[in-house]
Structure formats: C-alpha cells, structure tokens
file input15.txt (compact mmCIF, C-alpha atoms)
# COMPACT_ATOMS: atom_id res chain seq x y z
CA SER L 13 92.27 126.21 118.38
CA SER L 14 89.89 123.27 118.61
CA CYS L 15 86.52 122.05 117.40
CA GLN L 16 84.37 119.40 119.00
CA LEU L 17 81.94 117.41 116.85
CA SER L 18 80.48 115.31 119.61
CA ALA L 19 81.17 114.08 123.11
CA ARG L 20 83.47 111.47 121.60
CA LEU L 21 85.55 113.32 118.99
CA ARG L 22 87.54 116.51 119.35
CA PHE L 23 90.05 117.95 116.91
CA ARG L 24 92.78 120.33 118.00
CA LEU L 25 95.02 122.42 115.77
CA LEU L 26 98.48 122.83 117.28
CA ARG L 27 101.08 125.23 115.91
CA CYS L 28 104.82 124.72 116.27
CA GLY L 29 106.63 127.48 114.42
CA SER L 30 105.61 127.18 110.78
CA CYS L 31 104.18 123.69 111.31
CA ARG L 32 100.57 122.85 111.99
CA VAL L 33 99.57 119.63 113.71
CA MET L 34 96.06 118.23 113.82
CA VAL L 35 95.40 116.20 116.96
CA VAL L 36 92.36 113.92 117.07
CA GLU L 37 91.14 113.02 120.53
CA ALA L 38 88.61 110.37 121.46
CA MET L 39 86.70 111.25 124.61
CA GLU L 40 84.33 109.34 126.85
CA PHE L 41 84.21 106.15 124.83
CA PRO L 42 83.72 102.61 126.15
CA GLU L 43 87.07 100.98 126.88
CA GLU L 44 86.29 97.91 124.80
CA LEU L 45 85.32 99.88 121.67
CA PRO L 46 87.15 103.13 120.92
CA ALA L 47 85.15 105.76 119.05
CA ILE L 48 87.88 106.25 116.43
CA ASN L 49 88.85 103.16 114.43
CA TYR L 50 90.84 104.74 111.60
CA LEU L 51 92.82 107.85 110.68
CA GLY L 52 94.41 108.47 107.29
CA PHE L 53 95.24 111.13 104.71
CA ASN L 54 94.37 110.95 101.04
CA GLN L 55 97.12 110.67 98.41
CA ASP L 56 97.87 114.40 98.19
CA GLN L 57 97.33 115.07 101.92
CA THR L 58 94.53 117.58 101.28
CA CYS L 59 92.02 115.57 103.33
CA LEU L 60 91.91 113.58 106.56
CA ALA L 61 89.60 110.58 106.74
CA VAL L 62 88.30 109.41 110.13
CA GLY L 63 86.55 106.06 110.58
CA THR L 64 84.34 105.66 113.66
CA ILE L 65 81.87 103.23 115.17
CA ALA L 66 79.09 105.25 113.52
CA GLY L 67 80.55 105.82 110.06
CA PHE L 68 83.18 108.19 108.68
CA ARG L 69 84.13 111.86 108.46
CA ILE L 70 86.24 113.70 105.87
CA PHE L 71 88.06 116.91 106.87
CA SER L 72 90.04 119.46 104.89
CA THR L 73 93.67 119.71 106.05
CA GLU L 74 93.79 123.36 104.97
CA SER L 75 90.87 124.70 107.00
CA PHE L 76 90.09 121.56 109.08
CA ARG L 77 86.49 122.06 107.95
CA LEU L 78 84.20 119.04 107.89
CA LEU L 79 83.69 118.20 104.20
CA HIS L 80 81.54 115.09 104.47
CA LYS L 81 79.88 113.00 107.13
CA GLU L 82 78.17 109.64 106.77
CA ASP L 83 76.64 107.50 109.51
CA CYS L 84 76.72 104.28 107.53
CA GLY L 85 77.78 101.88 110.29
CA ALA L 86 81.11 101.04 111.92
CA VAL L 87 84.14 101.58 109.67
CA SER L 88 87.71 100.32 110.19
CA VAL L 89 89.30 101.58 106.94
CA VAL L 90 88.56 104.69 104.86
CA GLU L 91 90.66 104.90 101.70
CA MET L 92 90.12 108.01 99.59
CA LEU L 93 90.92 108.45 95.89
CA PHE L 94 92.65 111.83 96.02
CA ARG L 95 89.79 114.35 96.48
CA THR L 96 87.20 112.58 94.35
CA SER L 97 83.83 111.33 95.56
CA LEU L 98 85.00 107.69 95.55
CA LEU L 99 85.87 105.95 98.82
CA ALA L 100 86.78 102.39 99.75
CA LEU L 101 85.27 101.44 103.11
CA VAL L 102 85.84 98.38 105.30
CA GLY L 103 83.51 97.48 108.15
CA PHE L 104 84.44 96.88 111.77
CA SER L 105 83.59 93.48 113.26
CA SER L 106 82.75 93.40 116.96
CA SER L 107 80.00 92.34 119.34
CA ARG L 108 78.89 95.98 119.48
CA THR L 109 78.59 96.26 115.70
CA PRO L 110 77.00 92.97 114.53
CA SER L 111 75.83 94.43 111.21
CA SER L 112 79.34 95.49 110.20
CA SER L 113 82.01 93.12 108.88
CA SER L 114 85.78 93.61 108.56
CA ARG L 115 85.65 91.12 105.65
CA LYS L 116 83.45 93.39 103.53
CA LEU L 117 84.78 96.04 101.13
CA THR L 118 82.33 98.74 100.04
CA MET L 119 82.98 101.24 97.25
CA TRP L 120 81.10 104.39 98.30
CA ASN L 121 80.09 107.51 96.35
CA THR L 122 80.04 110.54 98.65
CA LYS L 123 78.33 112.74 96.04
CA ASP L 124 75.32 110.45 95.64
CA ARG L 125 75.73 109.10 99.20
CA CYS L 126 75.30 105.53 98.05
CA ASN L 127 76.98 102.14 97.83
CA ILE L 128 78.41 101.52 94.35
CA CYS L 129 79.36 97.88 94.94
CA SER L 130 80.46 95.52 97.70
CA LEU L 131 82.89 92.61 97.81
CA GLN L 132 82.97 89.95 100.51
CA PHE L 133 86.28 88.28 101.40
CA GLU L 134 86.96 85.05 103.27
CA THR L 135 89.20 86.71 105.85
CA LYS L 136 89.66 90.09 107.52
CA ILE L 137 90.68 93.06 105.37
CA PHE L 138 93.67 94.78 106.99
CA SER L 139 94.15 97.63 104.53
CA VAL L 140 93.01 99.02 101.17
CA LYS L 141 95.05 101.16 98.75
CA MET L 142 93.83 102.94 95.62
CA ASN L 143 95.04 104.97 92.69
CA HIS L 144 93.22 105.99 89.52
CA ARG L 145 93.56 102.51 88.00
CA ARG L 146 93.84 99.94 90.76
CA VAL L 147 92.39 98.87 94.11
CA VAL L 148 94.67 96.76 96.33
CA VAL L 149 93.18 94.75 99.20
CA LEU L 150 95.59 93.43 101.82
CA LEU L 151 94.49 90.28 103.65
CA GLN L 152 96.36 88.11 106.15
CA GLN L 153 97.82 85.70 103.58
CA LYS L 154 96.80 87.25 100.25
CA ILE L 155 97.01 90.53 98.38
CA GLN L 156 94.30 90.99 95.77
CA ILE L 157 94.57 93.58 93.01
CA PHE L 158 91.46 94.86 91.24
CA ASP L 159 90.75 97.02 88.23
CA LEU L 160 89.14 100.18 89.59
CA LYS L 161 86.59 100.64 86.80
CA SER L 162 85.27 97.09 86.64
CA MET L 163 86.35 95.83 90.11
CA ARG L 164 87.55 92.68 88.34
CA CYS L 165 90.30 90.80 90.15
CA LEU L 166 93.48 91.03 88.06
CA HIS L 167 96.10 89.44 90.27
CA VAL L 168 96.47 87.58 93.57
CA ILE L 169 99.72 87.50 95.53
CA ASP L 170 99.98 84.71 98.08
CA ARG L 171 102.01 85.33 101.22
CA PRO L 172 102.38 82.86 104.11
CA ALA L 173 101.47 84.06 107.59
CA SER L 174 104.33 85.80 109.37
CA THR L 175 105.13 86.69 112.97
CA TRP L 176 107.00 89.84 111.93
CA ALA L 177 105.14 91.25 108.90
CA ASP L 178 102.06 93.39 109.62
CA PRO L 179 99.41 92.42 107.03
CA ALA L 180 98.31 96.07 106.78
CA LEU L 181 101.74 97.29 105.65
CA GLY L 182 101.70 98.23 102.00
CA TRP L 183 101.78 101.23 99.73
CA LEU L 184 100.47 101.65 96.19
CA CYS L 185 102.16 104.32 94.09
CA ALA L 186 99.74 107.21 93.58
CA ALA L 187 101.06 107.70 90.05
CA SER L 188 98.96 105.04 88.33
CA GLU L 189 101.18 104.92 85.23
CA ARG L 190 104.02 103.51 87.35
CA GLY L 191 102.06 100.60 88.83
CA TYR L 192 104.31 99.98 91.85
CA LEU L 193 103.17 98.18 95.00
CA ALA L 194 105.52 97.95 97.99
CA THR L 195 104.72 95.44 100.72
CA PRO L 196 106.59 93.00 103.01
CA LEU L 197 106.19 89.35 102.12
CA ALA L 198 106.49 86.56 104.70
CA LEU L 199 109.71 84.61 104.88
CA ALA L 200 109.83 80.95 103.96
CA ALA L 201 109.41 78.49 106.80
CA GLY L 202 112.59 78.16 108.80
CA ALA L 203 114.23 81.28 107.38
CA ALA L 204 115.78 83.83 109.70
CA ALA L 205 113.67 86.81 110.67
CA PRO L 206 114.69 90.40 109.84
CA GLY L 207 117.35 91.56 112.28
CA ALA L 208 118.87 88.09 112.31
CA GLY L 209 120.72 88.35 109.02
CA GLU L 210 117.77 88.58 106.65
CA ALA L 211 115.77 91.60 105.50
CA PRO L 212 112.25 91.72 104.08
CA PHE L 213 112.01 92.46 100.39
CA LEU L 214 109.60 94.65 98.45
CA SER L 215 107.33 93.30 95.79
CA PRO L 216 106.47 95.32 92.69
CA GLY L 217 102.89 95.29 91.54
CA PRO L 218 101.72 93.35 88.47
CA PRO L 219 102.78 94.55 85.02
CA ARG L 220 101.02 97.66 83.87
CA GLY L 221 98.11 97.11 81.58
call {"tool": "encode", "arguments": {"input": "input15.txt", "output": "structure tokens"}}
result
Amino acid sequence: SSCQLSARLRFRLLRCGSCRVMVVEAMEFPEELPAINYLGFNQDQTCLAVGTIAGFRIFSTESFRLLHKEDCGAVSVVEMLFRTSLLALVGFSSSRTPSSSSRKLTMWNTKDRCNICSLQFETKIFSVKMNHRRVVVLLQQKIQIFDLKSMRCLHVIDRPASTWADPALGWLCAASERGYLATPLALAAGAAAPGAGEAPFLSPGPPRG
C-alpha cells in the first residue's frame, strides 16, 4: 500500500513475511536540493520523523498515519523525545533556504506549535540526541551537553577534526538514569587510522547528576 502527501513525498508500506518496511520516496525535486533532508525514528520506534525543505512531518510506525505536520522552514535534523510534544530541530543552510541555518538549534513544542527556545552555534550542527534529562549537540570539533529543563550547557567535549570519524555519529542512551554517550573521537595527530592497527574508542557521557 502507499500514500502520497504531495508531488514530492510518497510513502510505501512493503511487506516481507511478518516484516513491514516503510519506504520513503522523494519525487520530482530539484537535483541540487532534495525534498527530504532527514529521516529518523524516535527512541522507542513508535514514530518516524521526516525533515524537508518546508518543515517536518511525524508519522506513526503502527498505522503510518500522519500525526503532525509543520511548515516552519527547511529542517535538516528532527530529534524526538519519545512520543512527547518536544522536538529538537536544526535548520538547513543553502542558497534556496536563506532564512534557515544549520547552526541553529530550535526546541519546538508540537502541542502549542511554537518555538520554546533557540540556540545559535559557531559551526554546523551535525546531529542532536535527547533523553529525558539531556540534550547532546554534535558539532565538527565539539560535543556540547545540555540540561534538558534549563538548556544550560553542562559539559563540552573537544575532539580534533578527523578524516575518518563522521561528526554526526553518536548515540545517547535513552535510559536517562544511565547517562551513557557513545561517539567516536578523533585520533591524535600522526596516529594510525582505524584499520591500520588502531580502533576508535567510545566516550562515556559526563557523570550523572
């Protein structure tokens, strides 16, 4: 089965035995600016978030029903907090979207359909992770950890630029009482790259508190 929301987005439900696969297709979009910028599930996989050049969409993974739609400008990251009304949004910088910035983090309330707060960073935001206590922002050479309630910066992890480590790679444990953050850190200058005798290591998050 399939549903088409516009000329640019179409969702198809594929069945393979007992498995169901949701395929998202972008159709008839300009080559230099794809319609879909982001795809991601929430922490318990009950929702699929889709970031587009117009805004974002939230779908149920049970019924594939559209739960929420917001045309708030181009979005490159949509991080959900389980199935709550809180989202972390990152803009999408391009010549076609001059009012949107990939250096801006917006905390968005889907219930009130409003911006709760915004933070501007010096460099591009590659990824955002959340649990019930923390917000983790992954930049090119820094990882910044914030308290979710106050959005106060608690900890900054510096990491030199790397040719092998994707700045967006990182995962925050959904169980907030554990406080674990896994992410690759860049090797020291002159060290061997992974596959040449060295392996990347994982960094735990800051102490719980």
call {"tool": "atom_distance", "arguments": {"input": "input15.txt", "atom1": "CA of His167 in chain L", "atom2": "CA of Met119 in chain L"}}
result
19.0 Å
call {"tool": "closest_residue", "arguments": {"input": "input15.txt", "among": "L:Leu193, L:Cys129, L:Val148, L:Val140", "to": "Ser162 in chain L", "atoms": "all atoms listed in the file"}}
result
L:Cys129
call {"tool": "closest_residue", "arguments": {"input": "input15.txt", "among": "L:Thr135, L:Thr175, L:Ser88, L:Thr195", "to": "Gly52 in chain L", "atoms": "all atoms listed in the file"}}
result
L:Ser88
call {"tool": "atom_distance", "arguments": {"input": "input15.txt", "atom1": "CA of Cys59 in chain L", "atom2": "CA of Leu166 in chain L"}}
result
28.9 Å
call {"tool": "closest_residue", "arguments": {"input": "input15.txt", "among": "L:Tyr192, L:Phe68, L:Phe138, L:Trp176", "to": "Leu151 in chain L", "atoms": "all atoms listed in the file"}}
result
L:Phe138
call {"tool": "residues_around", "arguments": {"input": "input15.txt", "residues": "Ala100 in chain L", "least_positions_apart": "2", "cutoff": "12 Å", "atoms": "only C-alpha atoms", "output": "ChimeraX atom specification"}}
result
/L:54,61,63,68,87-94,96-98,102-103,116-122,127-131,137,139-143,146-149,160,163
call {"tool": "atom_distance", "arguments": {"input": "input15.txt", "atom1": "CA of Ile65 in chain L", "atom2": "CA of Ala47 in chain L"}}
result
5.7 Å
call {"tool": "residues_near_point", "arguments": {"input": "input15.txt", "point": "(99.0, 88.1, 102.2)", "cutoff": "7 Å", "atoms": "all atoms listed in the file", "output": "PDB file with C-alpha atoms, in the coordinates of the input"}}
result
ATOM      1  CA  LEU L 150      95.590  93.430 101.820  1.00  0.00           C
ATOM      2  CA  LEU L 151      94.490  90.280 103.650  1.00  0.00           C
ATOM      3  CA  GLN L 152      96.360  88.110 106.150  1.00  0.00           C
ATOM      4  CA  GLN L 153      97.820  85.700 103.580  1.00  0.00           C
ATOM      5  CA  LYS L 154      96.800  87.250 100.250  1.00  0.00           C
ATOM      6  CA  ILE L 155      97.010  90.530  98.380  1.00  0.00           C
ATOM      7  CA  ILE L 169      99.720  87.500  95.530  1.00  0.00           C
ATOM      8  CA  ASP L 170      99.980  84.710  98.080  1.00  0.00           C
ATOM      9  CA  ARG L 171     102.010  85.330 101.220  1.00  0.00           C
ATOM     10  CA  PRO L 172     102.380  82.860 104.110  1.00  0.00           C
ATOM     11  CA  PRO L 179      99.410  92.420 107.030  1.00  0.00           C
TER      12      PRO L 179
END
call {"tool": "closest_residue", "arguments": {"input": "input15.txt", "among": "L:Phe53, L:Trp183, L:Phe133, L:Phe104", "to": "Thr73 in chain L", "atoms": "all atoms listed in the file"}}
result
L:Phe53
call {"tool": "closest_residue", "arguments": {"input": "input15.txt", "among": "L:Cys165, L:Cys126, L:Ser105, L:Gln55", "to": "Glu82 in chain L", "atoms": "only C-alpha atoms"}}
result
L:Cys126
call {"tool": "build_atoms", "arguments": {"input": "input15.txt", "residues": "range 144-160 of chain L", "atoms": "N, CA, C and O atoms", "output": "PDB file, keeping the file's coordinate frame"}}
result
ATOM      1  N   HIS L 144      94.245 105.786  90.533  1.00  0.00           N
ATOM      2  CA  HIS L 144      93.220 105.990  89.520  1.00  0.00           C
ATOM      3  C   HIS L 144      92.951 104.760  88.657  1.00  0.00           C
ATOM      4  O   HIS L 144      91.990 104.752  87.877  1.00  0.00           O
ATOM      5  N   ARG L 145      93.763 103.706  88.813  1.00  0.00           N
ATOM      6  CA  ARG L 145      93.560 102.510  88.000  1.00  0.00           C
ATOM      7  C   ARG L 145      93.348 101.240  88.814  1.00  0.00           C
ATOM      8  O   ARG L 145      92.753 100.286  88.319  1.00  0.00           O
ATOM      9  N   ARG L 146      93.839 101.189  90.020  1.00  0.00           N
ATOM     10  CA  ARG L 146      93.840  99.940  90.760  1.00  0.00           C
ATOM     11  C   ARG L 146      93.318 100.101  92.192  1.00  0.00           C
ATOM     12  O   ARG L 146      93.449 101.162  92.802  1.00  0.00           O
ATOM     13  N   VAL L 147      92.755  98.998  92.707  1.00  0.00           N
ATOM     14  CA  VAL L 147      92.390  98.870  94.110  1.00  0.00           C
ATOM     15  C   VAL L 147      93.134  97.659  94.655  1.00  0.00           C
ATOM     16  O   VAL L 147      93.052  96.567  94.081  1.00  0.00           O
ATOM     17  N   VAL L 148      93.886  97.846  95.735  1.00  0.00           N
ATOM     18  CA  VAL L 148      94.670  96.760  96.330  1.00  0.00           C
ATOM     19  C   VAL L 148      94.102  96.451  97.715  1.00  0.00           C
ATOM     20  O   VAL L 148      93.978  97.349  98.554  1.00  0.00           O
ATOM     21  N   VAL L 149      93.745  95.189  97.927  1.00  0.00           N
ATOM     22  CA  VAL L 149      93.180  94.750  99.200  1.00  0.00           C
ATOM     23  C   VAL L 149      94.180  93.830  99.881  1.00  0.00           C
ATOM     24  O   VAL L 149      94.571  92.801  99.310  1.00  0.00           O
ATOM     25  N   LEU L 150      94.596  94.208 101.090  1.00  0.00           N
ATOM     26  CA  LEU L 150      95.590  93.430 101.820  1.00  0.00           C
ATOM     27  C   LEU L 150      94.910  92.577 102.883  1.00  0.00           C
ATOM     28  O   LEU L 150      94.304  93.096 103.822  1.00  0.00           O
ATOM     29  N   LEU L 151      95.021  91.263 102.710  1.00  0.00           N
ATOM     30  CA  LEU L 151      94.490  90.280 103.650  1.00  0.00           C
ATOM     31  C   LEU L 151      95.646  89.655 104.424  1.00  0.00           C
ATOM     32  O   LEU L 151      96.807  89.988 104.205  1.00  0.00           O
ATOM     33  N   GLN L 152      95.334  88.743 105.323  1.00  0.00           N
ATOM     34  CA  GLN L 152      96.360  88.110 106.150  1.00  0.00           C
ATOM     35  C   GLN L 152      97.383  87.355 105.305  1.00  0.00           C
ATOM     36  O   GLN L 152      98.590  87.506 105.486  1.00  0.00           O
ATOM     37  N   GLN L 153      96.914  86.532 104.360  1.00  0.00           N
ATOM     38  CA  GLN L 153      97.820  85.700 103.580  1.00  0.00           C
ATOM     39  C   GLN L 153      97.673  85.913 102.071  1.00  0.00           C
ATOM     40  O   GLN L 153      98.216  85.129 101.286  1.00  0.00           O
ATOM     41  N   LYS L 154      96.954  86.963 101.671  1.00  0.00           N
ATOM     42  CA  LYS L 154      96.800  87.250 100.250  1.00  0.00           C
ATOM     43  C   LYS L 154      96.765  88.754 100.030  1.00  0.00           C
ATOM     44  O   LYS L 154      96.349  89.512 100.904  1.00  0.00           O
ATOM     45  N   ILE L 155      97.196  89.165  98.856  1.00  0.00           N
ATOM     46  CA  ILE L 155      97.010  90.530  98.380  1.00  0.00           C
ATOM     47  C   ILE L 155      96.262  90.427  97.063  1.00  0.00           C
ATOM     48  O   ILE L 155      96.737  89.769  96.131  1.00  0.00           O
ATOM     49  N   GLN L 156      95.111  91.056  96.987  1.00  0.00           N
ATOM     50  CA  GLN L 156      94.300  90.990  95.770  1.00  0.00           C
ATOM     51  C   GLN L 156      94.271  92.349  95.096  1.00  0.00           C
ATOM     52  O   GLN L 156      94.039  93.370  95.747  1.00  0.00           O
ATOM     53  N   ILE L 157      94.497  92.356  93.797  1.00  0.00           N
ATOM     54  CA  ILE L 157      94.570  93.580  93.010  1.00  0.00           C
ATOM     55  C   ILE L 157      93.416  93.618  92.023  1.00  0.00           C
ATOM     56  O   ILE L 157      93.226  92.676  91.255  1.00  0.00           O
ATOM     57  N   PHE L 158      92.661  94.723  92.054  1.00  0.00           N
ATOM     58  CA  PHE L 158      91.460  94.860  91.240  1.00  0.00           C
ATOM     59  C   PHE L 158      91.588  96.029  90.275  1.00  0.00           C
ATOM     60  O   PHE L 158      92.263  97.023  90.566  1.00  0.00           O
ATOM     61  N   ASP L 159      90.909  95.899  89.135  1.00  0.00           N
ATOM     62  CA  ASP L 159      90.750  97.020  88.230  1.00  0.00           C
ATOM     63  C   ASP L 159      89.717  97.969  88.818  1.00  0.00           C
ATOM     64  O   ASP L 159      88.621  97.539  89.190  1.00  0.00           O
ATOM     65  N   LEU L 160      90.034  99.245  88.913  1.00  0.00           N
ATOM     66  CA  LEU L 160      89.140 100.180  89.590  1.00  0.00           C
ATOM     67  C   LEU L 160      87.803 100.335  88.862  1.00  0.00           C
ATOM     68  O   LEU L 160      86.747 100.403  89.492  1.00  0.00           O
TER      69      LEU L 160
END
